[in-house]
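Undergrad: Structure: input28.csv, CSV, C-alpha atoms and all ligand atoms.
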chain,number,residue,atom,x,y,z
A,1,MET,CA,19.4,-11.0,10.8
A,2,SER,CA,22.2,-8.4,11.0
A,3,ARG,CA,23.2,-6.7,7.8
A,4,LYS,CA,25.1,-3.5,7.1
A,5,ASP,CA,22.8,-2.3,4.3
A,6,LEU,CA,19.7,-2.5,6.4
A,7,ILE,CA,18.4,-1.1,9.7
A,8,LEU,CA,15.5,-2.9,11.4
A,9,LEU,CA,12.3,-0.9,11.5
A,10,HIS,CA,9.8,-3.5,12.6
A,11,SER,CA,10.2,-7.2,13.5
A,12,PRO,CA,7.9,-9.9,12.1
A,13,ARG,CA,6.2,-10.1,15.5
A,14,ALA,CA,5.5,-6.4,15.6
A,15,ILE,CA,4.2,-6.5,12.0
A,16,GLU,CA,1.9,-9.4,12.9
A,17,GLU,CA,0.4,-7.5,15.9
A,18,ALA,CA,0.0,-4.4,13.7
A,19,VAL,CA,-1.8,-6.4,11.0
A,20,ALA,CA,-4.1,-8.0,13.5
A,21,GLY,CA,-5.0,-4.6,14.9
A,22,LEU,CA,-5.7,-3.3,11.4
A,23,ALA,CA,-7.9,-6.3,10.7
A,24,ARG,CA,-9.9,-5.8,13.9
A,25,ALA,CA,-10.5,-2.1,13.1
A,26,ILE,CA,-11.5,-3.0,9.5
A,27,ASP,CA,-13.9,-5.7,10.7
A,28,ALA,CA,-15.5,-3.4,13.3
A,29,ASP,CA,-16.1,-0.7,10.6
A,30,ALA,CA,-17.4,-3.3,8.1
A,31,GLY,CA,-20.1,-4.4,10.5
A,32,GLY,CA,-20.5,-7.7,8.7
A,33,ARG,CA,-21.0,-6.1,5.2
A,34,PRO,CA,-18.9,-7.8,2.6
A,35,LEU,CA,-15.7,-6.0,1.5
A,36,THR,CA,-14.2,-5.6,-2.0
A,37,VAL,CA,-10.5,-5.5,-1.3
A,38,ILE,CA,-8.2,-4.1,-3.9
A,39,GLY,CA,-4.5,-4.8,-3.5
A,40,VAL,CA,-2.0,-2.5,-5.2
A,41,LEU,CA,0.7,-4.5,-6.9
A,42,LYS,CA,3.4,-5.4,-6.3
A,43,GLY,CA,4.4,-4.0,-2.9
A,44,SER,CA,1.3,-4.9,-1.0
A,45,PHE,CA,1.3,-8.6,-1.8
A,46,ILE,CA,2.6,-10.0,1.5
A,47,PHE,CA,0.8,-7.4,3.7
A,48,LEU,CA,-2.4,-8.2,1.8
A,49,ALA,CA,-2.0,-12.0,2.1
A,50,ASP,CA,-1.6,-11.6,5.9
A,51,LEU,CA,-4.4,-9.1,6.3
A,52,VAL,CA,-7.1,-11.1,4.4
A,53,ARG,CA,-6.2,-14.1,6.5
A,54,LYS,CA,-6.9,-12.1,9.7
A,55,LEU,CA,-10.2,-10.5,8.5
A,56,GLN,CA,-13.4,-12.1,9.6
A,57,THR,CA,-15.5,-10.1,7.1
A,58,PRO,CA,-16.4,-11.9,3.9
A,59,LEU,CA,-14.5,-10.4,1.0
A,60,SER,CA,-13.8,-10.4,-2.8
A,61,LEU,CA,-10.3,-9.6,-3.9
A,62,ASP,CA,-8.7,-8.0,-6.9
A,63,PHE,CA,-5.6,-6.1,-7.8
A,64,VAL,CA,-4.5,-3.0,-9.6
A,65,ARG,CA,-1.1,-2.0,-10.7
A,66,VAL,CA,0.1,1.6,-11.2
A,67,LYS,CA,3.2,3.3,-12.4
A,68,SER,CA,4.3,6.7,-11.0
A,69,TYR,CA,6.6,9.1,-12.6
A,70,GLY,CA,8.6,11.1,-10.1
A,71,LYS,CA,10.5,13.2,-12.6
A,72,GLY,CA,10.2,14.4,-16.2
A,73,VAL,CA,7.5,16.2,-18.1
A,74,PHE,CA,4.6,15.3,-15.8
A,75,PRO,CA,6.0,15.0,-12.3
A,76,GLY,CA,3.8,13.0,-10.0
A,77,GLU,CA,1.8,11.5,-12.9
A,78,VAL,CA,0.3,8.2,-12.0
A,79,ARG,CA,-0.8,5.7,-14.6
A,80,LEU,CA,-2.9,2.6,-14.4
A,81,ILE,CA,-1.1,-0.5,-15.7
A,82,LYS,CA,-3.7,-3.0,-14.6
A,83,ASP,CA,-7.3,-2.2,-13.6
A,84,VAL,CA,-9.7,-4.2,-11.3
A,85,GLU,CA,-11.8,-6.8,-13.1
A,86,ILE,CA,-14.6,-7.1,-10.5
A,87,PRO,CA,-17.5,-4.7,-10.0
A,88,LEU,CA,-17.1,-1.8,-7.4
A,89,HIS,CA,-20.6,-0.3,-7.9
A,90,ARG,CA,-22.4,-0.2,-4.5
A,91,ARG,CA,-19.6,-2.2,-2.9
A,92,GLU,CA,-17.7,-1.4,0.3
A,93,VAL,CA,-14.2,-1.0,-1.2
A,94,LEU,CA,-11.0,-1.2,0.7
A,95,ILE,CA,-7.8,-0.3,-1.2
A,96,VAL,CA,-4.7,-1.9,0.4
A,97,ASP,CA,-1.2,-0.5,-0.4
A,98,ASP,CA,2.2,-1.1,1.2
A,99,ILE,CA,3.1,2.5,1.9
A,100,MET,CA,1.8,6.0,1.5
A,101,ASP,CA,4.6,8.4,0.6
A,102,THR,CA,3.6,11.5,-1.4
A,103,GLY,CA,0.0,10.2,-1.4
A,104,LEU,CA,-0.3,10.7,-5.2
A,105,THR,CA,-0.9,7.0,-5.8
A,106,ALA,CA,-3.5,6.8,-3.1
A,107,ARG,CA,-5.3,9.9,-4.4
A,108,PHE,CA,-5.3,8.6,-7.9
A,109,LEU,CA,-6.6,5.2,-6.9
A,110,MET,CA,-9.3,6.6,-4.6
A,111,ARG,CA,-10.6,8.9,-7.4
A,112,HIS,CA,-10.4,6.0,-9.9
A,113,ALA,CA,-12.4,3.7,-7.6
A,114,ARG,CA,-15.0,6.4,-6.7
A,115,LYS,CA,-15.9,6.8,-10.4
A,116,ARG,CA,-17.4,3.3,-10.2
A,117,ARG,CA,-19.7,4.6,-7.4
A,118,PRO,CA,-18.9,2.3,-4.6
A,119,ARG,CA,-21.0,2.5,-1.4
A,120,SER,CA,-17.8,3.4,0.5
A,121,CYS,CA,-14.1,3.6,-0.4
A,122,ARG,CA,-11.4,3.3,2.3
A,123,LEU,CA,-7.7,3.1,2.2
A,124,CYS,CA,-5.4,0.9,4.3
A,125,VAL,CA,-1.6,1.1,4.2
A,126,LEU,CA,0.9,-0.7,6.3
A,127,LEU,CA,3.3,2.2,6.4
A,128,ASP,CA,2.6,5.9,6.4
A,129,LYS,CA,5.4,8.4,5.7
A,130,PRO,CA,3.6,11.7,6.3
A,131,SER,CA,6.7,13.9,6.1
A,132,ARG,CA,6.8,13.4,2.3
A,133,ARG,CA,3.1,14.1,1.6
A,134,LEU,CA,2.1,16.2,-1.4
A,135,THR,CA,-1.6,15.7,-1.0
A,136,ARG,CA,-4.1,16.1,1.8
A,137,ILE,CA,-5.1,12.5,1.8
A,138,VAL,CA,-5.1,10.6,5.1
A,139,PRO,CA,-5.2,6.8,5.2
A,140,ASP,CA,-8.3,5.4,7.0
A,141,TYR,CA,-6.1,2.6,8.5
A,142,SER,CA,-2.3,2.6,8.8
A,143,GLY,CA,0.0,0.1,10.6
A,144,PHE,CA,3.0,2.2,11.4
A,145,VAL,CA,4.0,5.8,10.9
A,146,ILE,CA,7.7,6.0,9.8
A,147,PRO,CA,10.2,8.8,9.3
A,148,ASP,CA,11.6,9.8,5.9
A,149,VAL,CA,13.5,6.6,5.2
A,150,PHE,CA,13.4,4.2,2.3
A,151,ALA,CA,11.6,1.1,3.6
A,152,VAL,CA,12.2,-2.4,2.3
A,153,GLY,CA,11.2,-6.0,3.2
A,154,TYR,CA,7.8,-7.6,3.8
A,155,GLY,CA,6.9,-7.0,0.1
A,156,LEU,CA,8.6,-3.6,-0.3
A,157,ASP,CA,11.5,-3.4,-2.7
A,158,CYS,CA,14.3,-1.3,-3.9
A,159,ASN,CA,15.0,-2.2,-7.5
A,160,GLU,CA,13.1,-5.5,-6.9
A,161,ARG,CA,15.5,-6.5,-4.0
A,162,TYR,CA,14.5,-7.3,-0.5
A,163,ARG,CA,10.8,-8.1,-1.1
A,164,GLY,CA,11.0,-11.5,0.5
A,165,LEU,CA,12.5,-10.4,3.9
A,166,PRO,CA,10.1,-11.2,6.7
A,167,ALA,CA,10.8,-7.9,8.6
A,168,LEU,CA,10.7,-4.2,7.7
A,169,TYR,CA,13.9,-2.4,7.3
A,170,ALA,CA,15.2,1.1,6.4
A,171,LEU,CA,17.8,1.1,3.6
A,172,ASN,CA,21.1,2.2,5.2
A,173,GLN,CA,22.5,3.6,1.9
A,174,PRO,CA,21.5,6.1,-0.8
A,175,VAL,CA,18.6,4.8,-2.9
A,176,PRO,CA,19.7,4.4,-6.5
A,177,ALA,CA,17.6,6.5,-8.9
A,178,ALA,CA,15.9,3.5,-10.4
A,179,GLY,CA,15.0,2.3,-6.9
A,180,ARG,CA,12.8,5.4,-6.5
A,181,SER,CA,10.9,4.6,-9.7
A,182,ARG,CA,7.9,3.6,-7.6
A,183,ASN,CA,6.4,0.9,-9.7
A,184,GLY,CA,5.0,-0.9,-6.8
B,1,LIG,P1,3.3,7.7,-3.3
B,1,LIG,O1,2.4,7.8,-4.6
B,1,LIG,O2,4.4,8.7,-3.4
B,1,LIG,O3,2.5,7.8,-2.1
B,1,LIG,O4,4.0,6.3,-3.4
B,1,LIG,C1,3.4,5.2,-3.3
B,1,LIG,C2,4.3,4.0,-3.8
B,1,LIG,O5,5.7,4.3,-3.9
B,1,LIG,C3,4.1,2.9,-2.9
B,1,LIG,O6,3.0,2.1,-3.2
B,1,LIG,C4,5.4,2.1,-3.0
B,1,LIG,O7,5.3,1.2,-4.1
B,1,LIG,C5,6.4,3.2,-3.5
B,1,LIG,N1,7.2,3.7,-2.3
B,1,LIG,C6,7.2,4.9,-1.7
B,1,LIG,N2,8.0,4.9,-0.6
B,1,LIG,C7,8.6,3.7,-0.6
B,1,LIG,C8,9.6,3.1,0.3
B,1,LIG,O8,10.1,3.7,1.3
B,1,LIG,N3,10.0,1.9,0.0
B,1,LIG,C9,9.5,1.2,-1.0
B,1,LIG,N4,8.6,1.6,-1.9
B,1,LIG,C10,8.1,2.9,-1.6
B,2,MG,MG,3.2,0.3,-4.1
Using structure tokens, write down the structure that the file contains.
TA:
Amino acid sequence: MSRKDLILLHSPRAIEEAVAGLARAIDADAGGRPLTVIGVLKGSFIFLADLVRKLQTPLSLDFVRVKSYGKGVFPGEVRLIKDVEIPLHRREVLIVDDIMDTGLTARFLMRHARKRRPRSCRLCVLLDKPSRRLTRIVPDYSGFVIPDVFAVGYGLDCNERYRGLPALYALNQPVPAAGRSRNG
């Protein structure tokens, strides 16, 4: 697809290979122990669906939803909108998000999950944007490192647009303020 508003970052074939590589690494680390996979809504939904179909390790699945506030009285504040409904105690937990940007969401979710005393808690992101990091958190697994662009497609949105595109793109235009609201 050729569009003026989007610049191709990664094709469906490249994404598929990256997801397969992530699944192999996660399987190797799990060593057959069942995983409790937590998807971060909404942006991770396509990545998560592809990832779990490539994993050989048995797993349980649940979702969380968070809201981040980039501006205002509490900059960087992250709030939980929907919590997990399955136990994490003594489980091998894997949090799956679409992209790590500042890392504030990931830090919040790792701390939140660790309060439940899992056996382990790891983080997998499809995209890593380390240039914007405000925390020292490093993902355990990441598919692609990308520069400071606004990524859309393959589940990622800008103002709820572009989620259904099968490839990953960089937005070739200024991101409207609401698009940065980071609600998933
Ligand atoms: P962080 O807390 O700044 O790391 O932001 C994480 C969340 O912001 C991600 O889960 C996404 O929902 C959203 N986000 C950050 N960067 C982008 C982007 O380039 N495109 C789409 N969503 C993004
Ligand atoms: Mg998200």
Undergrad: Give as a ChimeraX atom specification the residues surrounding ligand MG 2 (chain B) up to a distance of 9 Å, considering only C-alpha atoms and all ligand atoms.
TA: /A:40-44,65-67,97-100,105,156,182-184
Undergrad: Filtering to C-alpha atoms, could you give me those residues as a compact mmCIF listing (two decimals), in the frame of the given file?
TA:
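Output below, filename selection_31.txt:
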# COMPACT_ATOMS: atom_id res chain seq x y z
CA VAL A 40 -2.00 -2.50 -5.20
CA LEU A 41 0.70 -4.50 -6.90
CA LYS A 42 3.40 -5.40 -6.30
CA GLY A 43 4.40 -4.00 -2.90
CA SER A 44 1.30 -4.90 -1.00
CA ARG A 65 -1.10 -2.00 -10.70
CA VAL A 66 0.10 1.60 -11.20
CA LYS A 67 3.20 3.30 -12.40
CA ASP A 97 -1.20 -0.50 -0.40
CA ASP A 98 2.20 -1.10 1.20
CA ILE A 99 3.10 2.50 1.90
CA MET A 100 1.80 6.00 1.50
CA THR A 105 -0.90 7.00 -5.80
CA LEU A 156 8.60 -3.60 -0.30
CA ARG A 182 7.90 3.60 -7.60
CA ASN A 183 6.40 0.90 -9.70
CA GLY A 184 5.00 -0.90 -6.80
Undergrad: Determine, counting all atoms listed in the file, which protein, DNA and RNA residues have an atom within 7 Å of an atom of Pro166 of chain A; residues of the same chain fewer than 2 positions away are not included. Present the result as a list in words.
TA: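 Near neighbours after the sequence-gap exclusion: Pro12, Gly153, Tyr154 and Gly164 of chain A.
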Undergrad: If I take atom C7 of ligand LIG 1 (chain B) and atom CA of Ile146 of chain A, how far is one from the other in Å, to one decimal?
TA: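 Those two atoms sit 10.7 Å apart.
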Undergrad: Using all atoms listed in the file, which protein or nucleic acid residues come within 12 Å of Glu16 of chain A? Drop anything in the same chain fewer than 4 positions from it, and give the result as a PDB file with C-alpha atoms, in the frame of the given file.
TA:
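Dumped to part_12.pdb:
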ATOM      1  CA  HIS A  10       9.800  -3.500  12.600  1.00  0.00           C
ATOM      2  CA  SER A  11      10.200  -7.200  13.500  1.00  0.00           C
ATOM      3  CA  PRO A  12       7.900  -9.900  12.100  1.00  0.00           C
ATOM      4  CA  ALA A  20      -4.100  -8.000  13.500  1.00  0.00           C
ATOM      5  CA  GLY A  21      -5.000  -4.600  14.900  1.00  0.00           C
ATOM      6  CA  LEU A  22      -5.700  -3.300  11.400  1.00  0.00           C
ATOM      7  CA  ALA A  23      -7.900  -6.300  10.700  1.00  0.00           C
ATOM      8  CA  ILE A  46       2.600 -10.000   1.500  1.00  0.00           C
ATOM      9  CA  PHE A  47       0.800  -7.400   3.700  1.00  0.00           C
ATOM     10  CA  LEU A  48      -2.400  -8.200   1.800  1.00  0.00           C
ATOM     11  CA  ALA A  49      -2.000 -12.000   2.100  1.00  0.00           C
ATOM     12  CA  ASP A  50      -1.600 -11.600   5.900  1.00  0.00           C
ATOM     13  CA  LEU A  51      -4.400  -9.100   6.300  1.00  0.00           C
ATOM     14  CA  ARG A  53      -6.200 -14.100   6.500  1.00  0.00           C
ATOM     15  CA  LYS A  54      -6.900 -12.100   9.700  1.00  0.00           C
ATOM     16  CA  LEU A 126       0.900  -0.700   6.300  1.00  0.00           C
ATOM     17  CA  GLY A 143       0.000   0.100  10.600  1.00  0.00           C
ATOM     18  CA  PHE A 144       3.000   2.200  11.400  1.00  0.00           C
ATOM     19  CA  TYR A 154       7.800  -7.600   3.800  1.00  0.00           C
ATOM     20  CA  PRO A 166      10.100 -11.200   6.700  1.00  0.00           C
ATOM     21  CA  ALA A 167      10.800  -7.900   8.600  1.00  0.00           C
ATOM     22  CA  LEU A 168      10.700  -4.200   7.700  1.00  0.00           C
TER      23      LEU A 168
END
Undergrad: Calculate how many Å separate atom CA of Cys124 of chain A from atom CA of Ala25 of chain A, rounding to one decimal.
TA: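 Atom CA of Cys124 of chain A sits 10.6 Å away from atom CA of Ala25 of chain A.
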Undergrad: Looking at A:Phe108, A:Phe150, A:Tyr169, A:Tyr162, which one is nearest to ligand LIG 1 (chain B), with distances taken over all atoms listed in the file?
TA: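 Selected residue with least distance to ligand LIG 1 (chain B): A:Phe150.
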Undergrad: Quote the spacing between atom CA of Val149 of chain A and atom C7 of ligand LIG 1 (chain B) in Å to one decimal place.
TA: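 Atom-to-atom, atom CA of Val149 of chain A to atom C7 of ligand LIG 1 (chain B), that is 8.1 Å.
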Undergrad: Nearest to Leu165 of chain A among A:Lys82, A:Arg3, A:Arg114, A:Arg107, with distances taken over all atoms listed in the file: which residue is it?
TA: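 Ranked by minimum distance to Leu165 of chain A, first place goes to A:Arg3.
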Undergrad: Looking at A:Pro58, A:Pro87, A:Gly32, A:Pro130, which one is nearest to ligand LIG 1 (chain B), with distances taken over only C-alpha atoms and all ligand atoms?
TA: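 Nearest to ligand LIG 1 (chain B): A:Pro130.
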Undergrad: Measuring atom to atom with all atoms listed in the file, identify which of A:Val19, A:Val78, A:Val37, A:Leu8 is nearest to ligand LIG 1 (chain B).
TA: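 Once distances to ligand LIG 1 (chain B) are computed over all atoms listed in the file, the minimum belongs to A:Val78.
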Undergrad: Restricting the calculation to only C-alpha atoms and all ligand atoms, which member of A:Ala151, A:Leu55, A:Ile95, A:Leu171 is positioned closest to ligand LIG 1 (chain B)?
TA: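 Among the listed residues, the smallest separation from ligand LIG 1 (chain B) belongs to A:Ala151.
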Undergrad: Which is closest to ligand LIG 1 (chain B) among A:Ile38, A:Cys158, A:Val52, A:Val138, if we use only C-alpha atoms and all ligand atoms?
TA: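 Between A:Ile38, A:Cys158, A:Val52, A:Val138, the residue approaching ligand LIG 1 (chain B) most closely is A:Cys158.
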Undergrad: Contacts of Ala113 of chain A at 10 Å or less, counting all atoms listed in the file, minus same-chain residues fewer than 3 places along, as a PDB file with C-alpha atoms, in the frame of the given file?
TA:
ATOM      1  CA  ILE A  38      -8.200  -4.100  -3.900  1.00  0.00           C
ATOM      2  CA  ASP A  83      -7.300  -2.200 -13.600  1.00  0.00           C
ATOM      3  CA  VAL A  84      -9.700  -4.200 -11.300  1.00  0.00           C
ATOM      4  CA  LEU A  88     -17.100  -1.800  -7.400  1.00  0.00           C
ATOM      5  CA  HIS A  89     -20.600  -0.300  -7.900  1.00  0.00           C
ATOM      6  CA  VAL A  93     -14.200  -1.000  -1.200  1.00  0.00           C
ATOM      7  CA  LEU A  94     -11.000  -1.200   0.700  1.00  0.00           C
ATOM      8  CA  ILE A  95      -7.800  -0.300  -1.200  1.00  0.00           C
ATOM      9  CA  ARG A 107      -5.300   9.900  -4.400  1.00  0.00           C
ATOM     10  CA  PHE A 108      -5.300   8.600  -7.900  1.00  0.00           C
ATOM     11  CA  LEU A 109      -6.600   5.200  -6.900  1.00  0.00           C
ATOM     12  CA  MET A 110      -9.300   6.600  -4.600  1.00  0.00           C
ATOM     13  CA  ARG A 116     -17.400   3.300 -10.200  1.00  0.00           C
ATOM     14  CA  ARG A 117     -19.700   4.600  -7.400  1.00  0.00           C
ATOM     15  CA  PRO A 118     -18.900   2.300  -4.600  1.00  0.00           C
ATOM     16  CA  SER A 120     -17.800   3.400   0.500  1.00  0.00           C
ATOM     17  CA  CYS A 121     -14.100   3.600  -0.400  1.00  0.00           C
ATOM     18  CA  ARG A 122     -11.400   3.300   2.300  1.00  0.00           C
TER      19      ARG A 122
END
Undergrad: Generate a file for segment 56-103 of chain A, containing C-alpha atoms, as a PDB file, in the first residue's frame.
TA:
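New file part-v6.pdb:
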ATOM      1  CA  GLN A  56       4.733 -23.673  22.216  1.00  0.00           C
ATOM      2  CA  THR A  57       4.572 -23.086  25.982  1.00  0.00           C
ATOM      3  CA  PRO A  58       1.159 -23.675  27.614  1.00  0.00           C
ATOM      4  CA  LEU A  59      -0.341 -20.405  28.778  1.00  0.00           C
ATOM      5  CA  SER A  60      -3.203 -18.600  30.492  1.00  0.00           C
ATOM      6  CA  LEU A  61      -4.195 -15.219  29.128  1.00  0.00           C
ATOM      7  CA  ASP A  62      -5.661 -12.050  30.540  1.00  0.00           C
ATOM      8  CA  PHE A  63      -5.697  -8.335  29.816  1.00  0.00           C
ATOM      9  CA  VAL A  64      -5.076  -5.039  31.551  1.00  0.00           C
ATOM     10  CA  ARG A  65      -5.945  -1.586  30.364  1.00  0.00           C
ATOM     11  CA  VAL A  66      -4.179   1.566  31.490  1.00  0.00           C
ATOM     12  CA  LYS A  67      -4.516   5.242  30.845  1.00  0.00           C
ATOM     13  CA  SER A  68      -1.513   7.569  30.870  1.00  0.00           C
ATOM     14  CA  TYR A  69      -1.564  11.277  31.379  1.00  0.00           C
ATOM     15  CA  GLY A  70       1.250  12.982  29.468  1.00  0.00           C
ATOM     16  CA  LYS A  71       0.435  16.508  30.567  1.00  0.00           C
ATOM     17  CA  GLY A  72      -1.384  18.248  33.402  1.00  0.00           C
ATOM     18  CA  VAL A  73      -1.089  18.129  37.140  1.00  0.00           C
ATOM     19  CA  PHE A  74       0.553  14.717  37.374  1.00  0.00           C
ATOM     20  CA  PRO A  75       2.671  14.317  34.261  1.00  0.00           C
ATOM     21  CA  GLY A  76       3.426  10.714  33.486  1.00  0.00           C
ATOM     22  CA  GLU A  77       0.753   9.408  35.816  1.00  0.00           C
ATOM     23  CA  VAL A  78      -0.469   5.955  34.801  1.00  0.00           C
ATOM     24  CA  ARG A  79      -3.816   4.626  36.011  1.00  0.00           C
ATOM     25  CA  LEU A  80      -5.267   1.157  35.814  1.00  0.00           C
ATOM     26  CA  ILE A  81      -8.615   1.046  33.993  1.00  0.00           C
ATOM     27  CA  LYS A  82      -8.938  -2.745  33.951  1.00  0.00           C
ATOM     28  CA  ASP A  83      -7.012  -5.200  36.121  1.00  0.00           C
ATOM     29  CA  VAL A  84      -6.181  -8.870  35.538  1.00  0.00           C
ATOM     30  CA  GLU A  85      -8.759 -11.333  36.789  1.00  0.00           C
ATOM     31  CA  ILE A  86      -6.576 -14.439  37.052  1.00  0.00           C
ATOM     32  CA  PRO A  87      -4.019 -15.208  39.792  1.00  0.00           C
ATOM     33  CA  LEU A  88      -0.402 -14.107  39.316  1.00  0.00           C
ATOM     34  CA  HIS A  89       0.928 -15.528  42.602  1.00  0.00           C
ATOM     35  CA  ARG A  90       3.840 -17.916  41.901  1.00  0.00           C
ATOM     36  CA  ARG A  91       3.182 -17.711  38.147  1.00  0.00           C
ATOM     37  CA  GLU A  92       5.655 -17.022  35.362  1.00  0.00           C
ATOM     38  CA  VAL A  93       4.177 -13.737  34.168  1.00  0.00           C
ATOM     39  CA  LEU A  94       4.778 -12.209  30.750  1.00  0.00           C
ATOM     40  CA  ILE A  95       3.438  -8.698  30.106  1.00  0.00           C
ATOM     41  CA  VAL A  96       2.927  -8.009  26.394  1.00  0.00           C
ATOM     42  CA  ASP A  97       2.616  -4.449  25.080  1.00  0.00           C
ATOM     43  CA  ASP A  98       2.715  -2.943  21.618  1.00  0.00           C
ATOM     44  CA  ILE A  99       5.428  -0.353  22.192  1.00  0.00           C
ATOM     45  CA  MET A 100       7.687   0.969  24.915  1.00  0.00           C
ATOM     46  CA  ASP A 101       8.033   4.709  24.651  1.00  0.00           C
ATOM     47  CA  THR A 102       8.813   6.561  27.901  1.00  0.00           C
ATOM     48  CA  GLY A 103       8.643   3.236  29.764  1.00  0.00           C
TER      49      GLY A 103
END
